[in-house]
Each structure stands twice: as structure tokens, then as C-alpha cells.
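Undergrad: Pasting a structure here, questions to come.
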Amino acid sequence: MKLTSFFTTMFSLIMVSSIYSQDYFFKNHAPFDSSIPSPEDYLGYPIGEQHTRHDLIVGYLQELAELSDRASIEIYGYTHERRKLVMLTVTTPENLNNLDDIKSEHLKFVDPSQNVSNYEDVPVFVQLGYNVHGNEPSSAEAAMLMAYTLVASNNSRILNYLENAVVFIDPTINPDGRDRHTQWANQFKANQLVADRFEAEHNEGWPRGRTNHYWFDLNRDWLLAVHPESQGKLKWYHDWYPNVVTDFHEMGTNSTYFFEPMKPIGSQDPIMPKENYEDLNDLFAPYYTEALDNIGSFYYTKESFDGTYPGYGSSYPDLQGALALLFEQASSRGHLQETQYGTISFAFTIRNQYQSSLATVKAAVENKSTLRKYQKDFFKSAITQKAKTGFAAYEFGDAYDMNRNKAFVDFLLKHQIKVYKRGDKFVTPLSQPQHRMVQTMFETYSKYRDSVFYDASAWSVANFYNIDYRGLRSFPGGSEIKSSDGIVNIISVPKSDYAYIMDWDDYYAPAALYHMQSKGLKLASAFKPFSIETNAGNLSFNYGSILVPVSKQAKSPDEVYQIVKQAQQKYRVPMYTVNSGFSSTGIDLGSNNFRALKKPKAALLIGDGVRSYEAGEVWHLFDTRVDMPITKLQMRNFRGATLDKYNTLVMVSGSYSQMDSLQVKRLRDWTSQGNTLITIAGASQWAINKKLVKEKLTEKPKSKDSLETTERLRYVD
């Protein structure tokens with residue numbers, strides 16, 4: 001009898017716990033369809049009790065799409081680590097069945113040639129984007145709650161949202177980073193939760209989960225589109241052009257909750273219509289106020305963050321006629337952490353993100369006419385608006401590097417920017433739907449409303465690509481380019497028994513060089529320019545041009561030719577045959593000014609104290625652009641590492657406090673043996689301070705004004 005009573009009591013406690021956990025989120029959205037599993041039903045634990053792996057999140061959304069006629073799911077890409085990038089579409093069954101027709105009507109609002117005014121007739125498109133920073137995990141959990149609510153709730157309010165909106169849920173924008181953080185948080189979680197801020201659970205190990213596989217910040221990659229996560233998102237985005245896009249984040253544990261509007265005197269993108277900042281933002285804010293007030297959550301607005309840089313998830317959609325919205329939730333950095341006001345739980349952080357998601361859909365539905373008219377006017381103004389520069393188009397092109405041209409054209413096409421070929425140059429007009437994106441790519445700015453920035457304040461992508469360009473007062477026309485195929489046309493290199501020369505100007509020349517080295521060829525680099533007769537006539541070659549001397553190889557001429565031809569075909573770089581070592585001008589091919597090149601054996605210092613962003617850039621460059629392996633050498637292993645295995649060592653910004661005087665001497669001895677130490681940014685200062693090089697840091701000269709006494713002002717002044 002006592003045993004039966006014990007089990008009855010335990011079962012009741014479990015049921016109460018389960019009901020409470022669901023009621024904590026869903027109490028205002030009943031009734032729910034009992035045939036649709038809640039996240040807790042599917043996962044086996046209440047939301048907020050564990051950090052959920054990305055594959056389980058995807059599995060749950062797939063289950064919803066399979067069981068419900070309100071939802072469908074698509075894979076829009078894969079991460080570097082081959083995790084799925086998915087988008088769940090939720091609306092009424094009727095809307096879902098007619099989604100192609102609805103999409104066609106929706107896209108008329110982004111087509112300047114169309115004159116539409118049926119603002120109320122077409123459901124508003126809302127894209128809820130979550131978890132771009134992997135160690136800001138609350139929003140991906142909220143994505144599951146949001147998906148369940150929209151799919152399973154039969155509440156009249158929710159049904160109205162579905163009738164008037166198509167909601168796209170992107171649960172995890174950065175799955176690789178999320179799972180890195182999820183593993184950390186769950187492995188240190190105890191049965192008795194530890195809120196102490198010094199607890200291991202709250203202090204993630206290097207490189208942390210914020211970034212993607214190559215330690216890049218994906219919330220800066222919307223514009224640059226370097227990574228597959230962003231490339232897949234852009235392809236999806238320009239297929240749908242949602243009216244509203246959310247960007248959910250987390251911030252310091254002692255903060256509360258932030259939603260837009262941002263600071264009123266803050267920096268804003270100079271080319272954005274003021275209506276976006278002054279009208280639309282203010283239109284949505286009362287909905288978040290109501291939602292958070294109703295659950296007793298504190299928040300703030302207008303004090304921080306900005307929308308200057310156009311590559312955030314909260315700014316790029318603004319350049320596509322949408323309203324992009326930033327949310328920042330105080331982070332529990334684990335499951336429970338102490339704050340100035342007590343503790344903050346993971347479940348609490350999730351609930352705020354969930355409530356903001358629902359409020360976003362509500363606001364979009366109740367203001368869909370305003371949103372649709374704004375998007376229509378945005379794209380129509382792109383055709384008529386004149387740039388302040390007075391330019392009507394931009395002309396660009398590198399005369400020597402076709403691969404650079406191809407890369408830049410590829411980049412512009414990803415953003416749906418129209419590009420035309422005219423002679424040996426490329427032209428992109430400003431009078432096109434992506435008018436403001438053209439400005440973003442080419443224009444530079446020196447004046448802003450505020451001198452304080454959240455981070456990036458410069459982004460002229462044409463300058464990033466180091467490509468020559470100029471503004472034109474009129475658009476000269478040309479043939480439109482739909483694909484970058486055919487931009488790189490190379491003359492297939494014929495066989496030679498004497499030598500081959502590769503021009504060093506090409507974007508992929510380093511990759512082709514390493515490819516030939518990895519196949520066993522001995523190569524040399526020109527330290528002076530020269531001109532010589534080639535299969536393409538008498539050509540001039542600059543510093544750095546690569547010489548492949550056939551007779552000096554340990555391979556037959558046929559084997560050498562196959563390797564050279566393979567490198568050219570793979571990387572599409574210009575290569576030339578020469579049959580004599582005599583140059584018409586400059587050095588001959590037998591000159592000592594051609595210096596033999598060693599095959600790089602590179603290492604990169606990583607780990608605690610090293611700036612992971614910079615280390616990731618180096619790793620990505622070597623691994624994906626040069627196709628060269630690089631050993632990632634942990635700082636904790638440096639003392640025991642055999643440096644003689646490497647002839648190149650890369651150091652990026654970092655403290656390098658683990659390196660005592662003996663390790664610095666070891667590094668100095670290694671470089672004195674002819675090995676190469678590459679220091680980047682802060683690492684260069686470290687090398688100077690440790691006297692590894694005889695250099696000194698430049699100092700900014702003092703102006704006369706700096707010597708004068710300035711009247712002291714109070715901070716508030």
C-alpha cells in the first residue's frame with residue numbers, strides 16, 4: 001500500500017512538473033491539437049532543462065511538417081560540418097497549398113515594374129531567424145516553441161495569424177557553433193544546478209561556440225557571403241523577400257532584454273530610407289512592450305546597438321525593403337546563473353525570445369498593409385532615386401586577374417545585382433532594384449550621425465576585393481551577365497621540354513603554386529621583372545612570377561607537363577611555355593634572381609589567449625583558398641612541439657602569456673635557421689616587444705591642440 005502510494009505521488013509530481021513546464025510557455029495559446037507532439041513530448045525533457053542539439057531541433061521540425069498540413073520544411077544548405085540548414089514554413093493548409101500563387105503575388109511588391117495595391121489581400125511574409133551566434137542558444141529553443149504554437153494551436157488569435165501570414169522559421173542559423181556550445185553546457189551541467197558565475201558551465205572553452213566551423217562571425221557574413229550558411233540563406237532570401245526578419249541574440253547576464261528602436265542619435269546606414277528607422281521600428285515596439293509586460297519581464301530600448309553596418313541579420317534585410325529587428329536577451333550562459341537580482345534560468349531566457357517571436361507575427365499581421373506598401377515603395381524608389389555622388393553606374397575590372405573579376409562578379413550576382421559586360425570591363429548601373437546594394441558595394445562614407453559605432457564603420461566591398469573601379473555619370477549599356485561562367489578564359493598551356501612560367505598576378509596563383517609543389521615539382525620565384533618569348537608571344541612578367549624548370553625536376557618532361565596542366569585546369573590560372581632561357585629584357589631564366597622556393601610546412605598557433613576570429617581567417621585562407629594544410633598548434637602543446645617540422649609559423653593577435661623567455665628564445669633560434677615567422681596585428685607588437693625583430697611601433701604625432709588644457713566637462717554634458 002505504501003509502495004503504491006509512493007509511485008502515485010511520484011507520478012503526480014512528474015505530471016505537475018510537465019504541466020507547469022508547458023504552462024510556463026503556452027498558457028495563453030490553448031487549445032492545442034493533441035495529435036501534434038509538443039517539444040517536450042518529442043525530446044523527452046521540458047524546454048529549458050537541457051540545451052538541445054541541432055539534429056534534434058531539425059528532427060522535431062521534420063516531425064511537425066510530417067504530421068501537420070499547416071507546415072512544410074526544406075533544406076536550404078549545409079554547414080561546413082555537414083549539418084542541415086532548414087526552413088520550416090507555417091501557414092493555413094489553404095495558404096500552404098496555394099503557396100506558389102501567393103509567392104507570385106508577393107514578389108510583385110518587389111518588382112518596380114508592377115503597380116500593385118492589394119496590400120491586405122496577400123499574406124505578410126515573416127521570417128524568424130534564430131541562433132546566429134552558437135553560444136546564444138535561447139532563441140533556437142524558442143524556435144521549437146514557436147513552431148509548435150503555430151502548428152498545433154487552435155486558438156482564434158493564432159489561427160488569424162496563420163490566415164494572414166506565411167511564417168518562415170529558421171531555427172539555427174549557426175548549427176556548428178550551437179552544437180559546440182551545447183556540448184559544453186550539457187557536459188558540465190549537474191543535477192544540482194550551480195549558479196556560481198565561475199562555474200565551468202558558464203565559462204566556455206576556446207574557441208567558444210559563438211562562431212562557425214572556421215571561427216567566423218556569421219552575423220557579419222550576410223554582406224560578404226563567404227560561408228555556406230550565408231550563401232544558402234541569401235539564395236533563399238532572394239527567392240522569397242520576406243517583409244519582416246528577426247535577429248535574436250543574447251548579451252551580458254546582468255542585462256535585461258533589448259528590442260528596437262535602437263539609440264535615436266546612433267549611427268545608421270546613410271543610404272537607408274528614414275521611414276525604416278523612424279516609422280516601422282516605432283510601429284512594432286508597443287507589441288513587444290505589451291508581450292513582455294504581461295509576463296513581468298524587464299527590458300530597455302533606444303540606449304544601445306546600431307544598424308550602420310549592412311551585413312547584420314538586423315540590417316541586411318532593411319536593404320531589401322523589409323523591416324529587420326534585433327533582440328538581445330540577458331544570457332544564462334548555461335542552465336542557471338547568478339545575477340545582480342538573483343538568478344536567471346535558461347527557461348526564462350527562452351520565454352522572452354518566444355514571446356517576442358509571437359509579438360512579431362502579431363505586429364506583422366496587424367500592419368501588413370503598411371509593410372507591403374513600404375516594400376513596394378522601397379523598390380520603386382530604387383529606379384528613380386539618384387545617388388548623392390552623381391554617378392549613374394560603376395565600371396570595374398582587373399586587366400590582369402580574371403579570377404579576381406570572376407570572384408567579384410560572383411559576389412555581386414549572389415546579391416541579385418545586375419552586372420553588364422562592356423568590352424574588357426564590367427558595369428553595374430545604379431538604376432536597378434538593388435540600387436542600394438550597388439551603393440553598399442562601391443560607395444565610401446566619412447560622415448555619420450554619431451562618432452560611436454557598435455563595430456564596423458567601413459564596408460566598401462569593391463575595396464575589399466582590391467579591384468579597380470570608377471564611377472560613371474551615365475550608364476553605357478552592355479550585355480547582361482547572368483553567370484560568371486566564361487569570365488576566365490585561359491589558353492591551354494602546351495608541352496615544353498624547357499620551362500613553364502606562371503604569372504603571379506592571379507587570385508589563385510598561390511593555390512596553383514602549392515598544388516605543383518605538393519606533386520613534387522621544384523619551382524623558383526622571380527625577384528626581378530623580365531620579358532621573354534612564350535607560346536603566346538613576347539610577354540612581360542613581374543616580380544614573383546613562378547618558373548618551372550623542366551630539366552631540374554626528378555620527373556620526366558611528360559610527368560611535369562601533366563602536373564602543370566592539372567594545376568592550370570584546376571585553378572584556371574595563366575601559364576606559358578618557353579623554349580629558351582634568354583629574355584628579351586630583364587633577367588634570364590638562369591639568373592640568381594630566380595630563387596628556389598621551399599614547399600611550405602605551416603603551423604598556426606591557436607588556443608587560450610589567441611584571438612579566434614583572426615586565427616579562423618588564417619585557417620580558412622589556407623584551407624579553402626590556397627588548398628594548403630596548416631597545423632593548428634595548441635598553445636598548451638607549444639612547449640613540447642617539434643618546431644623543426646615546420647618552416648612557417650603564423651601568429652595572430654593574442655596575449656601569448658604562456659610563452660616564457662625560454663620559449664621566446666626557442667622561437668628566435670628557429671627563425672635564425674631560415675624559417676619564417678608571420679605575425680598579424682597584435683602578434684606583431686608582441687614580436688617587437690620580445691625583440692624578435694628590430695622594429696618599433698609608429699607613434700601618432702602630437703598636435704599643438706593636445707598640449708593645450710581643455711576645459712573639463714561633466715560626463716552628461
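Just so we're on the same page: first chain in the C-alpha cells is A, next is B, and so on; residues restart at 1 for each chain, and ligands are numbered from 1 in the order they show up.
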Which polymer residues have any atom within 9 Å of an atom of segment 223-232 of chain A, counting only C-alpha atoms, with same-chain residues fewer than 6 positions away left out, as a list in words?

TA: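 Here the answer would be Tyr76, Gly77, Tyr78, Thr79, His80, Leu85, Ile173, Asn174, Asn212, Phe216, Pro310, Gly311, Tyr312, Tyr316, Phe411, Lys414, His415, Trp459 and Val461 of chain A.
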
Undergrad: Those same residues - N, CA and C atoms - I'd like them written as a short mmCIF file (atom, residue, chain, number, x, y, z; two decimals), in the first residue's frame.

TA:
```cif
data_model
loop_
_atom_site.label_atom_id
_atom_site.label_comp_id
_atom_site.auth_asym_id
_atom_site.auth_seq_id
_atom_site.Cartn_x
_atom_site.Cartn_y
_atom_site.Cartn_z
N TYR A 76 17.87 24.28 -47.00
CA TYR A 76 18.39 25.33 -47.89
C TYR A 76 19.91 25.34 -47.95
N GLY A 77 20.55 24.41 -47.26
CA GLY A 77 22.00 24.34 -47.34
C GLY A 77 22.57 23.41 -46.28
N TYR A 78 23.90 23.34 -46.27
CA TYR A 78 24.62 22.55 -45.28
C TYR A 78 25.79 23.37 -44.75
N THR A 79 26.12 23.16 -43.50
CA THR A 79 27.26 23.86 -42.90
C THR A 79 28.56 23.21 -43.33
N HIS A 80 29.67 23.80 -42.91
CA HIS A 80 30.98 23.20 -43.18
C HIS A 80 31.06 21.79 -42.60
N LEU A 85 20.82 22.96 -42.83
CA LEU A 85 20.23 24.28 -42.64
C LEU A 85 18.80 24.19 -43.15
N ILE A 173 20.70 29.26 -37.32
CA ILE A 173 21.47 29.79 -38.44
C ILE A 173 22.91 29.30 -38.39
N ASN A 174 23.39 29.00 -37.18
CA ASN A 174 24.78 28.56 -36.99
C ASN A 174 24.82 27.23 -36.24
N ASN A 212 31.28 30.02 -36.38
CA ASN A 212 31.03 28.79 -37.14
C ASN A 212 32.27 27.90 -37.15
N PHE A 216 34.32 32.10 -37.79
CA PHE A 216 33.83 33.37 -38.35
C PHE A 216 32.51 33.74 -37.67
N PRO A 310 25.85 47.07 -42.96
CA PRO A 310 24.73 46.43 -43.67
C PRO A 310 24.80 44.90 -43.72
N GLY A 311 25.71 44.29 -42.97
CA GLY A 311 25.85 42.84 -43.04
C GLY A 311 25.34 42.08 -41.85
N TYR A 312 24.60 42.74 -40.95
CA TYR A 312 23.98 42.04 -39.83
C TYR A 312 22.67 41.40 -40.27
N TYR A 316 20.83 43.78 -43.03
CA TYR A 316 20.79 43.40 -44.44
C TYR A 316 19.35 43.37 -44.99
N PHE A 411 30.17 37.41 -56.56
CA PHE A 411 29.71 38.05 -55.33
C PHE A 411 28.51 38.97 -55.59
N LYS A 414 25.30 37.07 -56.30
CA LYS A 414 24.68 36.48 -55.10
C LYS A 414 23.69 37.44 -54.47
N HIS A 415 23.96 38.72 -54.62
CA HIS A 415 23.07 39.74 -54.05
C HIS A 415 22.07 40.26 -55.08
N TRP A 459 32.81 49.37 -45.25
CA TRP A 459 32.46 48.09 -45.87
C TRP A 459 32.43 48.15 -47.39
N VAL A 461 32.91 46.93 -50.50
CA VAL A 461 33.35 45.58 -50.86
C VAL A 461 34.27 45.60 -52.08
#
```

Undergrad: Fewer than 2 positions away in the same chain doesn't count, so skip those; otherwise give me all residues within 12 Å of segment 40-45 of chain A, counting only C-alpha atoms, as a count of residues only.

TA: 36

Undergrad: Would you please give, as a ChimeraX atom specification, all residues of segment 242-483 of chain A that DSSP assigns to alpha helix (DSSP H) based on the backbone?

TA: /A:274-275,281-294,346-366,368-384,402-414,435-442,461-464

Undergrad: Rank A:Asp660, A:Glu559, A:Glu199, A:Glu695 by their smallest atom-to-atom distance to Leu336 of chain A, using only C-alpha atoms, and report the top residue only.

TA: A:Glu199

Undergrad: Among segment 151-214 of chain A, which ones does DSSP place in strand (DSSP E or B), written as a VMD selection string?

TA: chain A and resid 153 165 to 170

Undergrad: Do a neighbour search on segment 484-501 of chain A at 6 Å with only C-alpha atoms, toss out local chain neighbours closer than 6 positions, and write the hits as a list in words.

TA: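 After dropping sequence-adjacent residues, the list is Met402, Lys406, Asp410, Ile546, Leu547, Val548, Pro549, Val550, Pro557, Tyr561, Met575, Tyr576, Thr577, Val578 and Asn579 of chain A.
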
Undergrad: Please list as a ChimeraX atom specification every residue within 10 Å of His620 of chain A, counting only C-alpha atoms and excluding residues in the same chain fewer than 4 positions away.

TA: /A:213-216,614-616,624-628,630

Undergrad: Separation of atom CA of Pro112 of chain A and atom CA of Thr440 of chain A, in Å?

TA: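 It comes out at 19.7 Å.
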
Undergrad: Enter the distance from atom CA of Lys386 of chain A to atom CA of Pro273 of chain A, in Å, rounded to one decimal.

TA: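 That distance, rounded to one decimal, is 13.2 Å.
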
Undergrad: Go through A:Gln663, A:Ser479, A:Ser657, A:Ser314 one by one, measure the shortest atom-to-atom distance of each to Leu643 of chain A using only C-alpha atoms, and give the residue with the smallest value.

TA: A:Gln663

Undergrad: Looking at only C-alpha atoms, which of A:Val693, A:Leu662, A:Ala399, A:Ile680 is the one that sits closest to Tyr469 of chain A?

TA: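 Residue with the minimum atom-to-atom distance to Tyr469 of chain A: A:Ala399.
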
Undergrad: Between atom CA of Leu371 of chain A and atom CA of Ala322 of chain A, measure the distance and give it in Å to one decimal.

TA: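 About the pair atom CA of Leu371 of chain A and atom CA of Ala322 of chain A: they are 7.6 Å apart.
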
Undergrad: So which residues touch segment 179-189 of chain A within 9 Å, counting only C-alpha atoms, skipping near sequence neighbours fewer than 4 positions away, as a list of chain:residue names?

TA: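 Near neighbours after the sequence-gap exclusion: A:Gln50, A:His51, A:Thr52, A:Arg53, A:His54, A:Gly134, A:Asn135, A:Glu136, A:Pro137, A:Asn174, A:Pro175, A:Leu193, A:Val194, A:Glu199, A:Ala200, A:Glu201, A:His202, A:Glu204, A:Gly205, A:Arg208, A:Gly209, A:Arg210, A:Arg333, A:Gly334, A:His335.
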
Undergrad: Could you dump the residues just selected with C-alpha atoms as a compact mmCIF listing (two decimals), in the first residue's frame?

TA:
```
# COMPACT_ATOMS: atom_id res chain seq x y z
CA GLN A 50 18.78 20.80 -21.39
CA HIS A 51 20.47 22.51 -24.31
CA THR A 52 19.02 20.81 -27.40
CA ARG A 53 21.31 19.53 -30.14
CA HIS A 54 20.71 20.86 -33.63
CA GLY A 134 26.02 29.47 -31.42
CA ASN A 135 26.57 30.21 -27.74
CA GLU A 136 23.46 32.43 -27.58
CA PRO A 137 21.20 29.37 -27.50
CA ASN A 174 24.78 28.56 -36.99
CA PRO A 175 24.41 24.84 -36.22
CA LEU A 193 22.38 23.38 -10.82
CA VAL A 194 25.30 25.64 -9.93
CA GLU A 199 31.31 27.52 -12.59
CA ALA A 200 32.80 25.78 -15.66
CA GLU A 201 29.36 25.51 -17.28
CA HIS A 202 29.21 29.31 -17.59
CA GLU A 204 33.09 28.15 -22.27
CA GLY A 205 36.44 26.92 -23.55
CA ARG A 208 33.71 29.01 -27.86
CA GLY A 209 30.52 28.42 -29.79
CA ARG A 210 29.75 31.94 -30.99
CA ARG A 333 25.31 31.07 -20.20
CA GLY A 334 24.22 27.63 -19.12
CA HIS A 335 21.14 26.48 -17.24
```
